[in-house]
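Peer 1: One structure, as structure tokens, below. Some questions next.
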Amino acid sequence: MRTERYLNETCRCQYAFVGMGQHSLTNLYPVLHYLQVPLKYICVTSERKARLIEGKFKGTRATTRLDDILNDEDVKGVLVAASPKAHFSLASHVLRSGKSLFIEKPPCQSVVQLRELIALQQASGSRVVMVGLQQRSAPAVQMLRRRLKRERHLLNYDLHYLTGAYPEGDALLDLYIHPIDLATWLFGKAEIISYLEIDEHSYILTLRHQHIVGTIELSTCHSWQAAQQSLTVHTRSGTYRLKQCEELSFVPKQPVISGIPVEKTRPRRQSVEYLYRHDGFSPTLAGNSIYTQGFFQEITTFINAVEGKKANLLTDLQSIATTLKLIENI
């Protein structure tokens, strides 16, 4: 039944991809291949790379001219994962053509540019526009968001995003957009209470949301081999811990009777409820890091939306305005 369901999920539209960097080759192209999305074009800046692409991707036309894609009426959707600084220009051209767009983060460099993209989408009638912020689609994040909505009292959170040096771009827009967007996605709009730059491109922030206060550590002073992202959320009922989108756990708060903590008078084992856990044992789709990190779900959502199937768009242009505004304030 699974096999037949997979074989029945076919694409009627033609698509194009702009860019062929390490990120897209590792995380996006494999999803397109699994879904058997018909790529009519792949656009790159290098003539040499274009010739190699046509030898590797049979039936796909490689080009260095974006206009080849935009002038082709058969192409209904364009996926863009190029240099972050080029995203705004590329997105603008695609939106003017009226085609549906999937644009990797960041889609632009400022809130002003974001407003321009939103206006272009409205003027051109581009039906589907998505931004590549895959953590919103990650199963563990989705589960945490549902659980937090049911919590009556949120207390505070700690979010840590630690990597090695990032000399090839703007760490704030290219890297830190992920944890900052995670905070705004889970807790809503925020204002900066305190700000401390602990080193070049490394910060400790305290944010106030409507129902919770949180601390975020953003740093490139650590190691890529031991990079980590972790989130701890304290509520009246207990503590949630999210690790790398691979594990989500909940530790219930110990009871208090007449103001006395029961654990002080009658110590007992602390229970841990694992809400989501990638054990790395079964080599299945759901156990693949492309799936647990949300790449598979966001690409599938975009393709389904373009094809006219049921799809829940989590990352339209308007939805990331809060994230970009917070980055500008930082």
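If you're wondering about the labels, chains in the structure tokens are A, B, ... by order shown, residues count from 1 in each chain, ligands from 1 in order shown.
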Could you give me, as a tab-separated table, every stretch 121-203 of chain A residue with an atom at most 8 Å from stretch 243-254 of chain A, plus its closest atom pair and distance in Å to one decimal, counting only C-alpha atoms, rows ordered by chain then number?

Peer 2:
residue	atom	partner	partner_atom	distance
A:Gln135	CA	A:Cys245	CA	7.6
A:Ala138	CA	A:Cys245	CA	6.7
A:Pro139	CA	A:Cys245	CA	7.7
A:Ala140	CA	A:Cys245	CA	5.6
A:Val141	CA	A:Cys245	CA	6.7
A:Leu144	CA	A:Leu248	CA	7.5

Peer 1: I want to know what sits within 8 Å of stretch 150-154 of chain A, based on only C-alpha atoms, with residues of the same chain fewer than 6 positions away left out; could you give that as a PyMOL selection string?

Peer 2: chain A and resi 211-212+233-237

Peer 1: Please dump the current selection as an mmCIF file, in the first residue's frame; keep C-alpha atoms.

Peer 2:
data_model
loop_
_atom_site.group_PDB
_atom_site.id
_atom_site.type_symbol
_atom_site.label_atom_id
_atom_site.label_comp_id
_atom_site.auth_asym_id
_atom_site.auth_seq_id
_atom_site.Cartn_x
_atom_site.Cartn_y
_atom_site.Cartn_z
ATOM 1 C CA HIS A 211 3.732 35.343 27.554
ATOM 2 C CA ILE A 212 7.365 34.412 28.211
ATOM 3 C CA VAL A 233 11.372 25.761 27.960
ATOM 4 C CA HIS A 234 10.189 26.003 31.566
ATOM 5 C CA THR A 235 6.453 25.968 32.274
ATOM 6 C CA ARG A 236 4.342 25.614 35.415
ATOM 7 C CA SER A 237 3.731 21.957 34.600
#

Peer 1: How would you write, as a list in words, the set of residues in stretch 202-318 of chain A that DSSP gives as helix (DSSP H, G or I)?

Peer 2: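 So the helix (DSSP H, G or I) residues in stretch 202-318 of chain A would be Val262, Glu263, Lys264, Thr265, Leu285, Ala286, Gly287, Ser289, Ile290, Tyr291, Thr292, Phe295, Phe296, Gln297, Glu298, Ile299, Thr300, Thr301, Phe302, Ile303, Asn304, Ala305, Val306 and Gln318 of chain A.
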
Peer 1: Could the residues in this selection be written to a file with C-alpha atoms, as a tab-separated table (two decimals), in the first residue's frame?

Peer 2:
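Result went into out-v2.tsv, see below:
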chain	number	residue	atom	x	y	z
A	262	VAL	CA	7.57	16.50	48.09
A	263	GLU	CA	10.93	15.59	46.56
A	264	LYS	CA	12.66	17.01	49.66
A	265	THR	CA	10.75	14.81	52.08
A	285	LEU	CA	12.53	7.99	5.59
A	286	ALA	CA	11.30	9.23	8.99
A	287	GLY	CA	14.71	8.36	10.47
A	289	SER	CA	18.10	13.68	9.10
A	290	ILE	CA	16.65	15.40	6.00
A	291	TYR	CA	13.26	14.41	7.40
A	292	THR	CA	13.88	15.11	11.10
A	295	PHE	CA	13.76	19.70	4.65
A	296	PHE	CA	11.61	16.90	3.27
A	297	GLN	CA	8.37	18.35	4.61
A	298	GLU	CA	8.97	21.91	3.38
A	299	ILE	CA	9.87	20.85	-0.19
A	300	THR	CA	6.93	18.44	-0.28
A	301	THR	CA	4.62	21.22	0.91
A	302	PHE	CA	5.84	23.56	-1.83
A	303	ILE	CA	5.42	20.97	-4.58
A	304	ASN	CA	1.95	19.98	-3.35
A	305	ALA	CA	0.88	23.63	-3.24
A	306	VAL	CA	2.06	24.28	-6.80
A	318	GLN	CA	4.59	37.77	5.62

Peer 1: With a distance cut-off of 8 Å and only C-alpha atoms, select the neighbouring residues of stretch 190-199 of chain A, excluding the residue or stretch itself and same-chain residues fewer than 2 positions from it, and output the selection as a list in words.

Peer 2: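 Those residues are Thr184, Gly188, His201, Ser202, Tyr203, Ile204, Leu205, Thr206, Leu207, Arg208, His209, Gln210, Cys221, Leu326, Asn329 and Ile330 of chain A.
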
Peer 1: Give me, as a PyMOL selection string, the residues of stretch 17-265 of chain A that a backbone DSSP run labels strand (DSSP E or B).

Peer 2: chain A and resi 17-18+39-43+61-63+75-80+100-104+129-132+154-162+191-199+202-208+213-219+228-235+238-243+247-252+256-257+260-261

Peer 1: For each of A:Leu7, A:Leu95, A:Cys108, A:Leu101, take the minimum atom-to-atom distance to A:Leu120, counting only C-alpha atoms, then give the residue where this is smallest.

Peer 2: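 Looking only at the distances to A:Leu120, the closest residue turns out to be A:Leu95.
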
Peer 1: Let me make sure I understand: among A:Leu172, A:Ile216, A:Ile327, A:Met143, which one has the smallest atom-to-atom distance to A:Arg277 if we use only C-alpha atoms?

Peer 2: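 Once distances to A:Arg277 are computed over only C-alpha atoms, the minimum belongs to A:Met143.
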
Peer 1: Which is closest to A:Gln109 among A:Asp67, A:Thr323, A:Leu28, A:Glu273, if we use only C-alpha atoms?

Peer 2: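 Of the candidates, the smallest distance to A:Gln109 is held by A:Thr323.
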
Peer 1: Compile the contact shell of A:Ala16 as a ChimeraX atom specification: residues with an atom at most 7 Å away, counting only C-alpha atoms, same-chain residues fewer than 4 positions apart removed.

Peer 2: /A:39-42,69,75,77-79

Peer 1: If you keep C-alpha atoms, can you produce a file of those selected residues as a PDB file, in the first residue's frame?

Peer 2:
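Below is the file that was written, selection-v1.pdb:
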ATOM      1  CA  LEU A  39      13.309  19.596 -13.228  1.00  0.00           C
ATOM      2  CA  LYS A  40      13.294  21.149 -16.679  1.00  0.00           C
ATOM      3  CA  TYR A  41      16.111  23.595 -15.875  1.00  0.00           C
ATOM      4  CA  ILE A  42      19.007  24.002 -13.491  1.00  0.00           C
ATOM      5  CA  ILE A  69      13.431  29.822 -17.049  1.00  0.00           C
ATOM      6  CA  VAL A  75       7.781  26.036 -15.724  1.00  0.00           C
ATOM      7  CA  GLY A  77       7.614  26.605  -9.881  1.00  0.00           C
ATOM      8  CA  VAL A  78      11.177  27.827  -9.270  1.00  0.00           C
ATOM      9  CA  LEU A  79      13.350  26.793  -6.346  1.00  0.00           C
TER      10      LEU A  79
END

Peer 1: Would you list the contacts of stretch 18-20 of chain A as a ChimeraX atom specification, taking every protein, DNA or RNA residue within 9 Å and counting only C-alpha atoms, but skipping same-chain residues closer than 5 positions in sequence?

Peer 2: /A:25,29,41-45,66,78-83,90

Peer 1: When you count only C-alpha atoms, which of these residues is closest to A:Ser110: A:Asn8, A:Gln225, A:Gln36, A:Thr322?

Peer 2: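 Smallest distance to A:Ser110 is found for A:Thr322.
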
Peer 1: Which residues are close to A:Pro167, i.e. within 12 Å by only C-alpha atoms, leaving aside same-chain residues fewer than 2 positions away? Reply as a PDB file with all heavy atoms, in the first residue's frame.

Peer 2:
ATOM      1  N   GLY A 164      31.122  26.797  14.714  1.00  0.00           N
ATOM      2  CA  GLY A 164      32.468  27.292  14.500  1.00  0.00           C
ATOM      3  C   GLY A 164      32.445  28.581  13.689  1.00  0.00           C
ATOM      4  O   GLY A 164      31.384  29.141  13.417  1.00  0.00           O
ATOM      5  N   ALA A 165      33.622  29.037  13.288  1.00  0.00           N
ATOM      6  CA  ALA A 165      33.757  30.304  12.558  1.00  0.00           C
ATOM      7  C   ALA A 165      33.000  30.250  11.230  1.00  0.00           C
ATOM      8  O   ALA A 165      32.878  29.201  10.600  1.00  0.00           O
ATOM      9  CB  ALA A 165      35.228  30.602  12.306  1.00  0.00           C
ATOM     10  N   GLY A 169      30.184  34.420   5.027  1.00  0.00           N
ATOM     11  CA  GLY A 169      28.954  35.184   4.884  1.00  0.00           C
ATOM     12  C   GLY A 169      28.600  35.934   6.147  1.00  0.00           C
ATOM     13  O   GLY A 169      29.425  36.115   7.045  1.00  0.00           O
ATOM     14  N   ASP A 170      27.344  36.382   6.222  1.00  0.00           N
ATOM     15  CA  ASP A 170      26.820  37.129   7.361  1.00  0.00           C
ATOM     16  C   ASP A 170      26.193  36.135   8.335  1.00  0.00           C
ATOM     17  O   ASP A 170      25.119  35.593   8.078  1.00  0.00           O
ATOM     18  CB  ASP A 170      25.788  38.140   6.862  1.00  0.00           C
ATOM     19  CG  ASP A 170      25.243  39.021   7.972  1.00  0.00           C
ATOM     20  OD1 ASP A 170      25.413  38.662   9.157  1.00  0.00           O
ATOM     21  OD2 ASP A 170      24.635  40.062   7.664  1.00  0.00           O
ATOM     22  N   ALA A 171      26.852  35.912   9.455  1.00  0.00           N
ATOM     23  CA  ALA A 171      26.374  34.911  10.412  1.00  0.00           C
ATOM     24  C   ALA A 171      24.980  35.243  10.921  1.00  0.00           C
ATOM     25  O   ALA A 171      24.150  34.347  11.118  1.00  0.00           O
ATOM     26  CB  ALA A 171      27.344  34.795  11.584  1.00  0.00           C
ATOM     27  N   LEU A 172      24.697  36.519  11.105  1.00  0.00           N
ATOM     28  CA  LEU A 172      23.400  36.927  11.652  1.00  0.00           C
ATOM     29  C   LEU A 172      22.255  36.540  10.725  1.00  0.00           C
ATOM     30  O   LEU A 172      21.240  35.985  11.156  1.00  0.00           O
ATOM     31  CB  LEU A 172      23.402  38.431  11.900  1.00  0.00           C
ATOM     32  CG  LEU A 172      22.276  39.001  12.774  1.00  0.00           C
ATOM     33  CD1 LEU A 172      22.218  38.297  14.121  1.00  0.00           C
ATOM     34  CD2 LEU A 172      22.466  40.492  12.963  1.00  0.00           C
ATOM     35  N   ASP A 174      22.592  34.527   7.781  1.00  0.00           N
ATOM     36  CA  ASP A 174      22.711  33.203   7.174  1.00  0.00           C
ATOM     37  C   ASP A 174      22.531  32.074   8.187  1.00  0.00           C
ATOM     38  O   ASP A 174      21.961  31.032   7.865  1.00  0.00           O
ATOM     39  CB  ASP A 174      24.084  33.042   6.498  1.00  0.00           C
ATOM     40  CG  ASP A 174      24.307  34.061   5.399  1.00  0.00           C
ATOM     41  OD1 ASP A 174      23.370  34.806   5.081  1.00  0.00           O
ATOM     42  OD2 ASP A 174      25.435  34.121   4.868  1.00  0.00           O
ATOM     43  N   LEU A 175      23.025  32.268   9.417  1.00  0.00           N
ATOM     44  CA  LEU A 175      22.998  31.212  10.428  1.00  0.00           C
ATOM     45  C   LEU A 175      21.987  31.486  11.537  1.00  0.00           C
ATOM     46  O   LEU A 175      21.113  30.664  11.814  1.00  0.00           O
ATOM     47  CB  LEU A 175      24.385  31.045  11.065  1.00  0.00           C
ATOM     48  CG  LEU A 175      25.542  30.626  10.163  1.00  0.00           C
ATOM     49  CD1 LEU A 175      26.814  30.509  10.993  1.00  0.00           C
ATOM     50  CD2 LEU A 175      25.246  29.308   9.467  1.00  0.00           C
ATOM     51  N   GLU A 200      33.215  38.823  18.332  1.00  0.00           N
ATOM     52  CA  GLU A 200      32.778  39.186  16.995  1.00  0.00           C
ATOM     53  C   GLU A 200      31.761  38.172  16.477  1.00  0.00           C
ATOM     54  O   GLU A 200      32.018  36.973  16.451  1.00  0.00           O
ATOM     55  CB  GLU A 200      33.985  39.252  16.050  1.00  0.00           C
ATOM     56  CG  GLU A 200      33.648  39.779  14.676  1.00  0.00           C
ATOM     57  CD  GLU A 200      34.872  39.884  13.781  1.00  0.00           C
ATOM     58  OE1 GLU A 200      35.928  39.359  14.161  1.00  0.00           O
ATOM     59  OE2 GLU A 200      34.753  40.494  12.698  1.00  0.00           O
ATOM     60  N   HIS A 201      30.584  38.645  16.088  1.00  0.00           N
ATOM     61  CA  HIS A 201      29.491  37.813  15.576  1.00  0.00           C
ATOM     62  C   HIS A 201      28.933  36.848  16.616  1.00  0.00           C
ATOM     63  O   HIS A 201      28.330  35.838  16.269  1.00  0.00           O
ATOM     64  CB  HIS A 201      29.925  37.023  14.335  1.00  0.00           C
ATOM     65  CG  HIS A 201      30.556  37.856  13.278  1.00  0.00           C
ATOM     66  ND1 HIS A 201      29.936  38.951  12.733  1.00  0.00           N
ATOM     67  CD2 HIS A 201      31.779  37.773  12.677  1.00  0.00           C
ATOM     68  CE1 HIS A 201      30.729  39.504  11.828  1.00  0.00           C
ATOM     69  NE2 HIS A 201      31.852  38.818  11.785  1.00  0.00           N
ATOM     70  N   THR A 220      29.694  31.857  17.112  1.00  0.00           N
ATOM     71  CA  THR A 220      30.539  31.143  16.142  1.00  0.00           C
ATOM     72  C   THR A 220      31.927  30.918  16.732  1.00  0.00           C
ATOM     73  O   THR A 220      32.897  30.744  16.009  1.00  0.00           O
ATOM     74  CB  THR A 220      30.657  31.945  14.832  1.00  0.00           C
ATOM     75  OG1 THR A 220      31.129  33.274  15.125  1.00  0.00           O
ATOM     76  CG2 THR A 220      29.321  32.036  14.117  1.00  0.00           C
ATOM     77  N   CYS A 221      32.021  30.931  18.066  1.00  0.00           N
ATOM     78  CA  CYS A 221      33.304  30.758  18.750  1.00  0.00           C
ATOM     79  C   CYS A 221      33.576  29.311  19.127  1.00  0.00           C
ATOM     80  O   CYS A 221      34.540  29.026  19.841  1.00  0.00           O
ATOM     81  CB  CYS A 221      33.337  31.617  20.017  1.00  0.00           C
ATOM     82  SG  CYS A 221      33.213  33.378  19.713  1.00  0.00           S
TER      83      CYS A 221
END

Peer 1: Quick one, how far is atom CA of A:Lys310 from atom CA of A:Arg5?

Peer 2: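 We find that atom CA of A:Lys310 and atom CA of A:Arg5 lie 15.6 Å from each other.
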
Peer 1: When distances are computed from only C-alpha atoms, which of A:Gly308, A:Pro261, A:Gly294, A:Pro267 shows the smallest separation from A:Arg136?

Peer 2: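 Of the candidates, the smallest distance to A:Arg136 is held by A:Gly294.
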
Peer 1: Determine the nearest neighbour of A:Ala119 from the options A:Glu73, A:Leu317, A:Gln134, A:Leu186, counting only C-alpha atoms.

Peer 2: A:Leu317
